[in-house]
Amino acid sequence: MVSRGRNVPTVQTIYRLMFEPHRKKVYLSFPMSHVMDLPDTLAEIERFKATVNDHFTTFGPRDVDEYVST
């Protein structure tokens, strides 16, 4: 199961899982709740994730959307 990604697109992740199975998979584990109000820290996390994503199929806490009722 892969999150559909309302705010973080997961199309590349799904593509890699289906068509690039040789690519190693990694979960980027980092705290989220206490950095949400720290834009510099969030930017650093995004730069790190982009760099790692060049080489691996990545999953991370921001990939999972919270349930939103309509």
# chains A, B, ... in the order shown; residues from 1 in each chain; ligands from 1
>>> residues_around(residues="Val52 of chain A", least_positions_apart="4", cutoff="12 Å", atoms="only C-alpha atoms", output="PyMOL selection string")
chain A and resi 23-28+45-48+56-60
>>> atom_distance(atom1="atom CA of Asn53 of chain A", atom2="atom CA of Asp40 of chain A")
19.7 Å
>>> atom_distance(atom1="atom CA of Leu42 of chain A", atom2="atom CA of Leu17 of chain A")
26.0 Å
>>> atom_distance(atom1="atom CA of Lys49 of chain A", atom2="atom CA of Met1 of chain A")
20.6 Å
>>> closest_residue(among="A:Val2, A:Glu44, A:Thr13, A:Asp54", to="Phe30 of chain A", atoms="only C-alpha atoms")
A:Glu44
>>> residues_around(residues="Met32 of chain A", least_positions_apart="3", cutoff="9 Å", atoms="only C-alpha atoms", output="list in words")
Val35, Met36, Leu42, Pro61 and Arg62 of chain A
>>> write_last_selection(atoms="N, CA and C atoms", output="mmCIF file, in the first residue's frame")
data_model
loop_
_atom_site.group_PDB
_atom_site.id
_atom_site.type_symbol
_atom_site.label_atom_id
_atom_site.label_comp_id
_atom_site.auth_asym_id
_atom_site.auth_seq_id
_atom_site.Cartn_x
_atom_site.Cartn_y
_atom_site.Cartn_z
ATOM 1 N N VAL A 35 9.296 20.063 14.390
ATOM 2 C CA VAL A 35 9.979 20.882 13.378
ATOM 3 C C VAL A 35 9.006 21.559 12.425
ATOM 4 N N MET A 36 7.717 21.362 12.600
ATOM 5 C CA MET A 36 6.733 21.918 11.670
ATOM 6 C C MET A 36 6.762 23.443 11.615
ATOM 7 N N LEU A 42 12.857 22.280 7.937
ATOM 8 C CA LEU A 42 12.063 21.568 6.944
ATOM 9 C C LEU A 42 12.723 21.612 5.570
ATOM 10 N N PRO A 61 8.031 9.996 6.640
ATOM 11 C CA PRO A 61 6.838 10.361 7.395
ATOM 12 C C PRO A 61 5.964 11.392 6.698
ATOM 13 N N ARG A 62 6.543 12.263 5.899
ATOM 14 C CA ARG A 62 5.732 13.279 5.212
ATOM 15 C C ARG A 62 4.984 12.716 4.021
#
